[in-house]
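Engineer: For reference, this is data.txt, and it has compact mmCIF, C-alpha atoms.
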```txt
# COMPACT_ATOMS: atom_id res chain seq x y z
CA MET M 191 85.44 70.19 103.26
CA LYS M 192 83.77 73.56 103.67
CA LYS M 193 86.05 76.52 103.42
CA VAL M 194 83.69 79.26 102.41
CA ILE M 195 82.75 81.73 105.09
CA GLY M 196 80.76 84.94 105.01
CA LEU M 197 82.62 88.23 105.09
CA ALA M 198 81.18 89.36 108.43
CA ALA M 199 81.75 85.95 110.05
CA ALA M 200 85.38 85.93 108.91
CA VAL M 201 86.10 89.30 110.46
CA GLU M 202 84.23 88.34 113.65
CA MET M 203 86.92 85.66 114.18
CA ILE M 204 89.51 88.41 114.52
CA PRO M 205 89.65 89.76 118.09
CA ASP M 206 90.71 93.22 119.18
CA GLY M 207 94.47 93.30 119.64
CA ALA M 208 95.15 90.62 117.00
CA ALA M 209 98.30 90.60 114.86
CA LEU M 210 97.41 90.68 111.17
CA MET M 211 99.54 90.21 108.10
CA ILE M 212 97.87 91.94 105.18
CA GLY M 213 99.04 91.43 101.60
CA GLY M 214 99.44 94.28 99.17
CA PHE M 215 101.73 96.97 97.88
CA MET M 216 100.27 100.47 97.80
CA GLY M 217 96.83 98.87 97.78
CA ALA M 218 97.50 96.49 94.87
CA GLY M 219 96.90 92.96 96.17
CA THR M 220 95.23 94.11 99.42
CA PRO M 221 91.89 92.32 100.06
CA PRO M 222 89.36 95.16 99.63
CA ARG M 223 86.25 93.61 101.23
CA LEU M 224 88.12 92.37 104.31
CA ILE M 225 89.57 95.85 104.85
CA ASP M 226 86.17 97.50 104.57
CA GLU M 227 84.62 94.95 106.94
CA LEU M 228 87.35 95.47 109.55
CA VAL M 229 86.52 99.17 109.42
CA ARG M 230 82.76 98.49 109.58
CA GLN M 231 83.13 96.24 112.63
CA GLY M 232 85.61 98.66 114.20
CA ARG M 233 88.23 96.14 115.32
CA ARG M 234 90.71 97.91 117.66
CA ASP M 235 94.36 97.81 118.76
CA LEU M 236 95.51 95.81 115.77
CA THR M 237 99.11 95.03 115.00
CA VAL M 238 99.41 95.18 111.23
CA ILE M 239 102.32 93.71 109.31
CA ALA M 240 102.29 94.97 105.73
CA ASN M 241 104.61 96.48 103.16
CA ASP M 242 103.18 99.99 103.43
CA THR M 243 100.15 101.98 104.55
CA ALA M 244 99.25 103.01 100.99
CA ARG M 245 97.48 106.34 100.70
CA PRO M 246 94.62 107.87 102.69
CA GLY M 247 91.44 106.10 101.62
CA VAL M 248 93.31 103.25 99.90
CA GLY M 249 93.94 99.70 101.22
CA ILE M 250 95.60 99.66 104.64
CA GLY M 251 95.30 103.45 104.68
CA LYS M 252 91.62 102.91 105.55
CA LEU M 253 92.55 100.99 108.72
CA VAL M 254 94.95 103.74 109.76
CA ALA M 255 92.39 106.48 109.10
CA ALA M 256 89.80 104.61 111.21
CA LYS M 257 92.39 104.42 114.05
CA LEU M 258 92.18 100.64 114.26
CA VAL M 259 95.95 100.16 114.23
CA HIS M 260 98.02 100.27 117.40
CA ARG M 261 101.27 99.06 115.85
CA MET M 262 102.53 98.94 112.25
CA ILE M 263 105.44 96.79 111.14
CA THR M 264 106.16 98.07 107.65
CA SER M 265 108.80 99.27 105.22
CA HIS M 266 107.23 102.54 104.12
CA ILE M 267 104.70 105.08 105.37
CA GLY M 268 105.85 108.04 103.24
CA THR M 269 102.83 108.06 100.94
CA ASN M 270 100.34 108.30 103.81
CA PRO M 271 100.53 111.58 105.76
CA GLU M 272 97.93 110.28 108.23
CA THR M 273 100.22 107.41 109.34
CA GLN M 274 103.04 109.90 109.81
CA ARG M 275 100.79 112.25 111.76
CA GLN M 276 99.63 109.46 114.09
CA MET M 277 103.22 108.30 114.56
CA ILE M 278 104.44 111.78 115.51
CA ALA M 279 101.43 112.22 117.82
CA GLY M 280 102.27 108.92 119.55
CA GLU M 281 98.96 107.34 118.53
CA ILE M 282 100.54 104.55 116.53
CA GLU M 283 103.82 102.67 116.96
CA VAL M 284 105.74 102.17 113.75
CA GLU M 285 108.55 99.66 113.32
CA LEU M 286 110.30 100.35 110.02
CA VAL M 287 111.86 97.31 108.35
CA PRO M 288 113.75 97.28 105.03
CA GLN M 289 111.41 95.82 102.41
CA GLY M 290 113.57 92.83 101.53
CA THR M 291 114.12 92.10 105.22
CA LEU M 292 110.37 92.27 105.86
CA ALA M 293 109.79 89.70 103.10
CA GLU M 294 112.50 87.42 104.52
CA ARG M 295 111.35 87.70 108.13
CA ILE M 296 107.85 86.65 107.08
CA ARG M 297 109.28 83.90 104.89
CA ALA M 298 111.49 82.66 107.72
CA ALA M 299 108.47 82.26 110.00
CA GLY M 300 106.46 80.45 107.36
CA PHE M 301 109.33 78.23 106.29
CA GLY M 302 110.31 77.16 109.79
CA LEU M 303 113.62 79.00 109.96
CA GLY M 304 115.06 80.54 113.12
CA GLY M 305 115.83 83.77 111.29
CA VAL M 306 117.75 85.04 108.30
CA LEU M 307 121.20 86.56 107.83
CA THR M 308 121.07 89.62 105.60
CA PRO M 309 123.68 92.22 104.64
CA THR M 310 120.91 94.85 104.42
CA GLY M 311 121.07 97.33 107.28
CA VAL M 312 124.59 96.50 108.48
CA GLY M 313 126.18 99.68 109.86
CA THR M 314 122.91 101.62 109.82
CA THR M 315 120.29 102.45 112.46
CA VAL M 316 118.50 99.24 111.45
CA ALA M 317 121.33 97.23 113.04
CA GLU M 318 120.82 98.73 116.51
CA GLY M 319 120.22 96.03 119.10
CA LYS M 320 120.65 93.20 116.61
CA LYS M 321 123.23 90.43 116.52
CA THR M 322 125.73 90.38 113.69
CA VAL M 323 127.15 87.17 112.32
CA THR M 324 130.28 86.93 110.15
CA VAL M 325 130.21 84.27 107.44
CA ASN M 326 133.27 83.83 105.18
CA GLY M 327 134.44 87.30 106.16
CA ASN M 328 131.15 89.02 105.34
CA VAL M 329 129.04 90.65 108.03
CA PHE M 330 125.31 89.94 108.23
CA LEU M 331 122.49 91.00 110.52
CA LEU M 332 120.47 88.30 112.22
CA GLU M 333 116.82 89.15 111.51
CA LEU M 334 114.19 87.20 113.39
CA PRO M 335 111.05 85.49 112.07
CA LEU M 336 107.81 87.42 111.98
CA ASN M 337 104.49 85.61 112.30
CA ALA M 338 100.91 86.65 112.94
CA ASP M 339 97.55 85.42 114.23
CA PHE M 340 95.85 86.02 110.88
CA ALA M 341 96.93 86.59 107.30
CA LEU M 342 94.49 88.46 105.06
CA ILE M 343 95.30 87.40 101.53
CA ASN M 344 94.11 88.73 98.18
CA ALA M 345 94.17 86.49 95.10
CA LYS M 346 92.99 86.75 91.53
CA ARG M 347 91.22 83.39 91.67
CA ALA M 348 90.54 80.66 94.19
CA ASP M 349 89.15 77.22 93.43
CA TYR M 350 86.66 75.35 95.64
CA TYR M 351 89.52 73.75 97.61
CA GLY M 352 91.15 77.12 98.24
CA ASN M 353 94.07 76.90 95.83
CA LEU M 354 95.04 80.49 95.03
CA GLU M 355 96.22 82.05 91.80
CA TYR M 356 97.80 85.49 91.86
CA SER M 357 98.07 88.20 89.25
CA LEU M 358 101.15 90.25 88.30
CA THR M 359 102.19 92.86 90.88
CA ALA M 360 99.14 92.13 93.05
CA ARG M 361 101.04 89.00 94.18
CA ASN M 362 103.76 90.82 96.24
CA PHE M 363 103.67 89.73 99.93
CA ASN M 364 100.61 87.47 99.67
CA PRO M 365 102.30 84.08 99.09
CA ALA M 366 104.80 84.54 101.95
CA MET M 367 102.14 85.79 104.37
CA ALA M 368 99.91 82.79 103.57
CA MET M 369 102.69 80.65 105.07
CA ALA M 370 103.28 82.68 108.22
CA ALA M 371 99.96 83.07 110.07
CA ALA M 372 97.97 80.72 112.29
CA THR M 373 94.74 81.43 110.38
CA VAL M 374 94.73 82.37 106.71
CA ILE M 375 91.68 84.16 105.29
CA ALA M 376 91.68 84.56 101.52
CA GLU M 377 89.59 86.90 99.44
CA ALA M 378 89.63 86.15 95.71
CA GLU M 379 88.18 88.15 92.88
CA ASP M 380 86.64 84.94 91.53
CA ILE M 381 86.01 81.46 92.92
CA VAL M 382 86.17 78.78 90.22
CA PRO M 383 85.65 75.00 90.05
CA VAL M 384 88.56 72.75 90.98
CA GLY M 385 90.69 72.16 87.90
CA VAL M 386 90.20 75.59 86.37
CA ILE M 387 93.43 76.76 88.00
CA SER M 388 96.23 74.66 86.54
CA PRO M 389 98.49 73.03 89.15
CA ASP M 390 101.42 75.02 87.74
CA ALA M 391 99.51 78.27 88.25
CA VAL M 392 98.74 77.68 91.93
CA GLY M 393 100.67 80.31 93.92
CA THR M 394 99.40 79.19 97.34
CA PRO M 395 98.31 75.56 97.79
CA HIS M 396 94.89 75.06 99.38
CA VAL M 397 96.24 73.35 102.51
CA LEU M 398 97.46 76.76 103.70
CA VAL M 399 94.11 78.50 103.33
CA SER M 400 91.85 78.29 106.40
CA HIS M 401 88.88 80.20 104.99
CA LEU M 402 87.74 81.65 101.69
CA ILE M 403 85.45 84.65 101.66
CA GLY M 404 82.32 83.70 99.74
CA LYS M 405 80.93 85.78 96.96
CA GLU M 406 77.72 87.53 97.84
CA ARG M 407 74.61 86.25 96.09
CA GLY M 408 74.06 88.07 92.86
CA HIS M 409 77.51 89.59 93.10
CA GLY M 410 79.47 89.74 89.84
CA MET U 275 118.12 122.38 79.84
CA ASP U 276 116.19 121.48 82.94
CA GLU U 277 118.62 120.20 85.61
CA LYS U 278 116.69 116.96 86.11
CA GLU U 279 116.66 116.25 82.36
CA LEU U 280 120.41 116.85 82.28
CA ILE U 281 121.03 114.41 85.13
CA ALA U 282 118.71 111.81 83.58
CA LYS U 283 120.44 112.07 80.18
CA ARG U 284 123.86 111.54 81.69
CA VAL U 285 122.75 108.64 83.88
CA ALA U 286 121.11 106.95 80.88
CA LEU U 287 124.55 106.58 79.29
CA GLU U 288 125.59 104.37 82.22
CA LEU U 289 123.00 101.72 81.34
CA LYS U 290 124.27 98.88 79.14
CA ASP U 291 122.45 96.72 76.64
CA GLY U 292 120.90 93.76 78.45
CA ASP U 293 121.15 95.29 81.93
CA LEU U 294 118.60 94.53 84.63
CA ALA U 295 117.98 97.94 86.19
CA ASN U 296 115.89 99.38 89.01
CA LEU U 297 114.99 103.07 88.99
CA GLY U 298 113.91 104.88 92.14
CA ILE U 299 110.73 106.94 92.16
CA GLY U 300 111.08 110.55 90.99
CA LEU U 301 114.14 111.85 89.19
CA PRO U 302 115.60 108.40 88.42
CA THR U 303 112.42 107.40 86.56
CA LEU U 304 113.24 110.04 83.91
CA VAL U 305 116.32 108.01 82.97
CA ALA U 306 114.27 105.44 81.04
CA ARG U 307 113.24 108.10 78.52
CA HIS U 308 116.82 108.81 77.51
CA LEU U 309 118.25 105.38 76.72
CA PRO U 310 120.56 105.49 73.71
CA ALA U 311 119.25 103.84 70.53
CA GLY U 312 119.98 100.12 70.42
CA VAL U 313 120.35 99.80 74.20
CA ARG U 314 117.70 97.47 75.60
CA VAL U 315 117.39 97.52 79.36
CA PHE U 316 115.01 95.44 81.47
CA PHE U 317 113.48 97.48 84.25
CA GLN U 318 112.56 95.84 87.52
CA SER U 319 109.96 97.27 89.82
CA GLU U 320 110.56 95.93 93.32
CA ASN U 321 106.89 95.21 93.92
CA GLY U 322 107.38 92.23 91.64
CA ILE U 323 108.03 92.60 87.91
CA ILE U 324 110.84 92.62 85.38
CA GLY U 325 109.84 94.32 82.16
CA MET U 326 107.81 97.29 83.32
CA GLN U 327 107.17 100.09 80.85
CA PRO U 328 105.01 103.21 80.89
CA LEU U 329 101.29 102.70 80.45
CA PRO U 330 100.79 102.84 76.65
CA GLU U 331 97.49 104.71 76.96
CA GLU U 332 95.68 106.33 79.86
CA GLY U 333 92.62 104.06 79.63
CA PHE U 334 94.66 100.85 80.03
CA ALA U 335 95.27 101.17 83.78
CA TRP U 336 94.85 97.85 85.62
CA SER U 337 94.95 97.51 89.39
CA ASP U 338 97.04 94.30 89.19
CA LEU U 339 99.86 95.97 87.24
CA THR U 340 101.46 98.81 89.15
CA ASP U 341 104.87 100.26 89.93
CA ALA U 342 106.47 100.66 93.36
CA GLY U 343 104.64 103.96 93.79
CA GLY U 344 101.29 102.26 93.16
CA SER U 345 100.81 103.89 89.74
CA PRO U 346 99.57 101.83 86.79
CA ILE U 347 102.23 100.63 84.34
CA GLY U 348 102.48 98.49 81.23
CA ALA U 349 104.67 95.47 80.61
CA VAL U 350 106.96 94.59 77.69
CA PRO U 351 106.71 91.26 75.87
CA GLY U 352 108.79 88.81 77.88
CA ALA U 353 107.99 90.46 81.20
CA ALA U 354 107.95 88.27 84.33
CA ALA U 355 106.04 88.76 87.56
CA PHE U 356 106.97 87.35 90.97
CA ASP U 357 106.49 87.81 94.69
CA SER U 358 108.34 90.17 97.04
CA ALA U 359 110.74 87.52 98.37
CA LEU U 360 111.98 86.70 94.86
CA SER U 361 112.05 90.38 93.94
CA PHE U 362 114.37 91.16 96.83
CA GLY U 363 116.33 87.98 96.19
CA LEU U 364 117.12 89.47 92.78
CA ILE U 365 118.15 92.73 94.42
CA ARG U 366 120.17 91.40 97.36
CA GLY U 367 121.49 88.32 95.60
CA GLY U 368 123.68 90.15 93.10
CA HIS U 369 121.37 89.70 90.10
CA LEU U 370 120.52 93.38 89.64
CA ASP U 371 123.08 95.13 87.40
CA VAL U 372 122.32 98.68 88.39
CA THR U 373 120.09 100.79 90.60
CA VAL U 374 119.58 104.52 90.18
CA LEU U 375 118.45 106.30 93.32
CA GLY U 376 117.97 109.82 94.58
CA GLY U 377 120.11 111.13 97.41
CA LEU U 378 120.01 113.51 100.36
CA GLN U 379 123.76 113.29 101.12
CA VAL U 380 126.84 111.46 99.78
CA ASP U 381 130.10 111.66 101.71
CA GLU U 382 133.85 111.23 101.12
CA GLU U 383 133.58 107.50 101.82
CA GLY U 384 130.97 107.24 99.07
CA HIS U 385 128.28 106.51 101.64
CA LEU U 386 124.72 107.47 100.76
CA ALA U 387 121.98 108.84 103.02
CA ASN U 388 118.63 109.00 101.27
CA TRP U 389 115.85 107.65 103.43
CA THR U 390 115.16 109.88 106.41
CA VAL U 391 115.63 113.29 107.98
CA PRO U 392 115.05 112.54 111.67
CA GLY U 393 112.34 114.72 113.17
CA LYS U 394 111.28 116.05 109.77
CA MET U 395 110.73 113.24 107.29
CA VAL U 396 110.40 109.62 108.35
CA PRO U 397 108.90 107.89 105.32
CA GLY U 398 110.62 104.55 105.85
CA MET U 399 113.38 103.02 103.82
CA GLY U 400 111.16 100.92 101.56
CA GLY U 401 113.50 98.97 99.32
CA ALA U 402 116.36 101.51 99.35
CA MET U 403 118.59 99.72 101.88
CA ASP U 404 118.35 96.42 100.01
CA LEU U 405 118.99 98.16 96.67
CA VAL U 406 122.08 100.02 97.85
CA THR U 407 123.42 96.92 99.62
CA GLY U 408 122.79 94.44 96.83
CA ALA U 409 122.91 96.00 93.36
CA LYS U 410 126.11 95.48 91.36
CA ARG U 411 126.29 99.22 90.62
CA VAL U 412 124.65 102.02 92.61
CA ILE U 413 124.25 105.34 90.79
CA VAL U 414 123.07 108.35 92.78
CA ALA U 415 121.14 110.89 90.69
CA MET U 416 120.56 114.12 92.59
CA THR U 417 120.88 117.90 92.47
CA HIS U 418 124.31 119.03 93.65
CA THR U 419 122.92 121.29 96.38
CA ALA U 420 119.64 121.68 98.25
CA LYS U 421 118.59 125.30 98.86
CA GLY U 422 122.23 126.25 98.36
CA ALA U 423 123.58 123.74 100.89
CA PRO U 424 126.03 121.13 99.56
CA LYS U 425 124.73 117.55 99.46
CA ILE U 426 128.20 116.11 98.86
CA VAL U 427 129.67 116.35 102.33
CA LYS U 428 132.71 115.25 104.33
CA ARG U 429 130.66 112.90 106.42
CA CYS U 430 126.93 112.18 106.21
CA THR U 431 125.05 113.75 109.11
CA LEU U 432 121.84 111.96 108.13
CA PRO U 433 121.32 108.24 108.85
CA LEU U 434 123.03 106.08 106.21
CA THR U 435 121.14 103.91 103.76
CA ALA U 436 124.03 101.42 103.66
CA VAL U 437 127.76 101.34 104.40
CA ARG U 438 128.49 100.18 100.86
CA ARG U 439 130.36 102.72 98.70
CA VAL U 440 128.19 103.89 95.80
CA SER U 441 129.55 103.56 92.25
CA LEU U 442 128.85 106.99 90.76
CA VAL U 443 127.19 110.30 91.63
CA VAL U 444 125.60 112.33 88.83
CA THR U 445 124.43 115.86 89.61
CA ASP U 446 123.45 118.96 87.65
CA LEU U 447 127.05 120.19 88.04
CA ALA U 448 129.25 117.12 87.83
CA VAL U 449 129.92 113.42 87.61
CA ILE U 450 131.82 112.22 90.68
CA GLU U 451 133.25 108.76 91.29
CA PRO U 452 133.86 107.61 94.86
CA THR U 453 137.11 105.61 95.00
CA ASN U 454 139.43 104.12 97.64
CA GLY U 455 141.38 107.38 97.62
CA GLY U 456 138.33 109.67 97.82
CA LEU U 457 135.87 111.43 95.54
CA VAL U 458 137.19 111.98 92.00
CA LEU U 459 135.71 114.69 89.77
CA ARG U 460 135.20 112.83 86.48
CA GLU U 461 133.15 115.32 84.42
CA VAL U 462 131.67 118.79 84.70
CA ALA U 463 128.32 119.87 83.29
CA PRO U 464 128.35 122.08 80.18
CA GLY U 465 129.38 125.63 81.13
CA VAL U 466 130.49 124.62 84.64
CA THR U 467 134.12 124.87 85.84
CA PRO U 468 135.82 122.57 88.37
CA GLU U 469 136.10 125.60 90.69
CA GLN U 470 132.34 126.05 90.63
CA VAL U 471 131.91 122.38 91.52
CA LEU U 472 134.40 122.74 94.40
CA ASN U 473 132.54 125.78 95.72
CA ALA U 474 129.27 123.85 95.78
CA THR U 475 130.83 120.82 97.49
CA GLU U 476 131.71 120.42 101.16
CA ALA U 477 133.72 117.22 100.64
CA SER U 478 137.29 117.22 99.31
CA LEU U 479 137.44 116.40 95.61
CA ILE U 480 140.34 114.90 93.70
CA ILE U 481 140.58 116.89 90.46
CA PRO U 482 142.50 115.23 87.61
CA THR U 483 144.43 117.51 85.22
CA GLU U 484 141.84 116.83 82.51
CA VAL U 485 138.18 117.08 83.50
CA PRO U 486 136.05 116.63 80.37
CA THR U 487 132.61 118.14 79.87
CA MET U 488 129.72 115.81 80.72
CA ARG U 489 128.62 113.61 77.82
CA LEU U 490 124.89 113.83 77.22
CA ALA U 491 124.52 111.55 74.20
CA ALA U 492 126.15 108.29 73.24
CA SER U 493 129.22 108.81 71.03
CA PRO U 494 128.60 107.68 67.46
CA THR U 495 130.13 104.30 66.73
```
Show this structure as structure tokens.

Structural biologist:
Amino acid sequence: MKKVIGLAAAVEMIPDGAALMIGGFMGAGTPPRLIDELVRQGRRDLTVIANDTARPGVGIGKLVAAKLVHRMITSHIGTNPETQRQMIAGEIEVELVPQGTLAERIRAAGFGLGGVLTPTGVGTTVAEGKKTVTVNGNVFLLELPLNADFALINAKRADYYGNLEYSLTARNFNPAMAMAAATVIAEAEDIVPVGVISPDAVGTPHVLVSHLIGKERGHG
Amino acid sequence: MDEKELIAKRVALELKDGDLANLGIGLPTLVARHLPAGVRVFFQSENGIIGMQPLPEEGFAWSDLTDAGGSPIGAVPGAAAFDSALSFGLIRGGHLDVTVLGGLQVDEEGHLANWTVPGKMVPGMGGAMDLVTGAKRVIVAMTHTAKGAPKIVKRCTLPLTAVRRVSLVVTDLAVIEPTNGGLVLREVAPGVTPEQVLNATEASLIIPTEVPTMRLAASPT
């Protein structure tokens, strides 16, 4: 079982126009080397599903600044003026999704559900064009699953099998996204022998991880 | 007193010992500094932690421990971290006692608009729609007017955050409670008269015969 792949080779698997889920919240928990390599290789026309576009020069903000993103599905772009500028200029499409709904749509895809019923967004602009379902007298929006070609995941530690351990608020969308993409590429701060991560501490089991980004020789 | 400090002090009195609370970025964050003695509140940050606290010292910043604005934070003993799905399960699932959020408009139905000004400001709703839909109590902390224009209006002209009626509105002029019958003026800020509040408000207000002055500290027990 060989999971480790070089950084450049991992990003070469991603074609122009691919749909990517990228973990992270304002840059915390976003895989830094994968982001930089996407920029270096200049992948184009990406659809990016992520909580936010961080700030200019930070995390997903780097992809936006390099104009690699054609479409963003996200809950918040307010901290990145460049995303807003590109949206107003018609250079990038932005689909805004309430944060909890974004998490559930990703989870639904990864967990094999046909969608979720949420009260969030009922009676607001978010409800436009969506089905409503009444359950026990309460109105819910039907929100559909969201999947992707690739998930780019950031973990604190991976073991040789690819079990992932997360850290505090850097966890955020990573575990759900690791369930919802056809190919899962994980970048961990450290790669440790099997057994170092306790079974209870595994946040994403190795069977979900397609590839682990190897550490560079002499790195760390 | 600074108007934001005044609002934060009054809102702090709404938090109860043992509450799980979520504070929006900006003005609501000031609330944590004014908790009455003996009141212990657990603060959730929607990016995945219960038990956030300010960074104890500048040099302790860690990239894996941040608030919803991406700024470094600390954590209290007993803190718990989790992923976004669980975080929003707490919010939507009725486990969050109170959320304190800023506002652009509140109307006579108690509806809140606080996430977008079409054509001018389209930041995205982030977690606001889930918070207003799911928290047990929603407290709006905002200035009463913006550049002289009332923010408490007959009907919101900006897109709503949710159709749920908020629990309480605290401004630099007043405390207002949305009810079935309409907006009730519960308190006025020190030195402010009910007439002054009415003049700064577009919505109709129900004014009880007694309108006490805003409390800014917990009453001694």

Engineer: For Thr303 of chain U, which residue out of U:Glu277, U:Leu375, U:Leu339, U:Ala354 is the nearest one, using all atoms listed in the file?

Structural biologist: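 Distance minimum relative to Thr303 of chain U lands on U:Leu375.
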
Engineer: Using all atoms listed in the file, which protein or nucleic acid residues come within 12 Å of Ile299 of chain U? Drop anything in the same chain fewer than 6 positions from it, and give the result as a list in words.

Structural biologist: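 Everything that qualifies: Thr269 of chain M; Val305, Ala306, Ser319, Glu320, Asp341, Ala342, Gly343, Gly344, Ser345, Thr373, Val374, Leu375, Gly376, Gly377, Gly400, Gly401, Ala402 and Ala415 of chain U.
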
Engineer: Write down, as a ChimeraX atom specification, each residue of chain M that has any atom within 7 Å of an atom of chain U, counting all atoms listed in the file.

Structural biologist: /M:215-216,218,265-268,286,288-290,293-294,309-315,357-363

Engineer: Please identify all polymer residues within 12 Å of Met416 of chain U, counting all atoms listed in the file, omitting same-chain residues fewer than 5 positions from it, and present them as a PyMOL selection string.

Structural biologist: chain U and resi 277-282+284-285+298+300-302+374-380+386-388+424-426+442-450

Engineer: Which neighbours of segment 397-402 of chain M fall inside 7 Å, counting only C-alpha atoms, when residues of the same chain fewer than 6 positions from it are skipped, and could you give them as an mmCIF file with C-alpha atoms, in the coordinates of the input?

Structural biologist:
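Saved the output as selection_18.cif:
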```cif
data_model
loop_
_atom_site.group_PDB
_atom_site.id
_atom_site.type_symbol
_atom_site.label_atom_id
_atom_site.label_comp_id
_atom_site.auth_asym_id
_atom_site.auth_seq_id
_atom_site.Cartn_x
_atom_site.Cartn_y
_atom_site.Cartn_z
ATOM 1 C CA LYS M 193 86.050 76.520 103.420
ATOM 2 C CA VAL M 194 83.690 79.260 102.410
ATOM 3 C CA ILE M 195 82.750 81.730 105.090
ATOM 4 C CA GLY M 352 91.150 77.120 98.240
ATOM 5 C CA ALA M 368 99.910 82.790 103.570
ATOM 6 C CA MET M 369 102.690 80.650 105.070
ATOM 7 C CA THR M 373 94.740 81.430 110.380
ATOM 8 C CA VAL M 374 94.730 82.370 106.710
ATOM 9 C CA ILE M 375 91.680 84.160 105.290
ATOM 10 C CA ALA M 376 91.680 84.560 101.520
ATOM 11 C CA GLU M 377 89.590 86.900 99.440
#
```

Engineer: State, in Å with one decimal place, the distance from atom CA of Ile387 of chain M to atom CA of Gly219 of chain M.

Structural biologist: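 Calculated distance between atom CA of Ile387 of chain M and atom CA of Gly219 of chain M is 18.5 Å.
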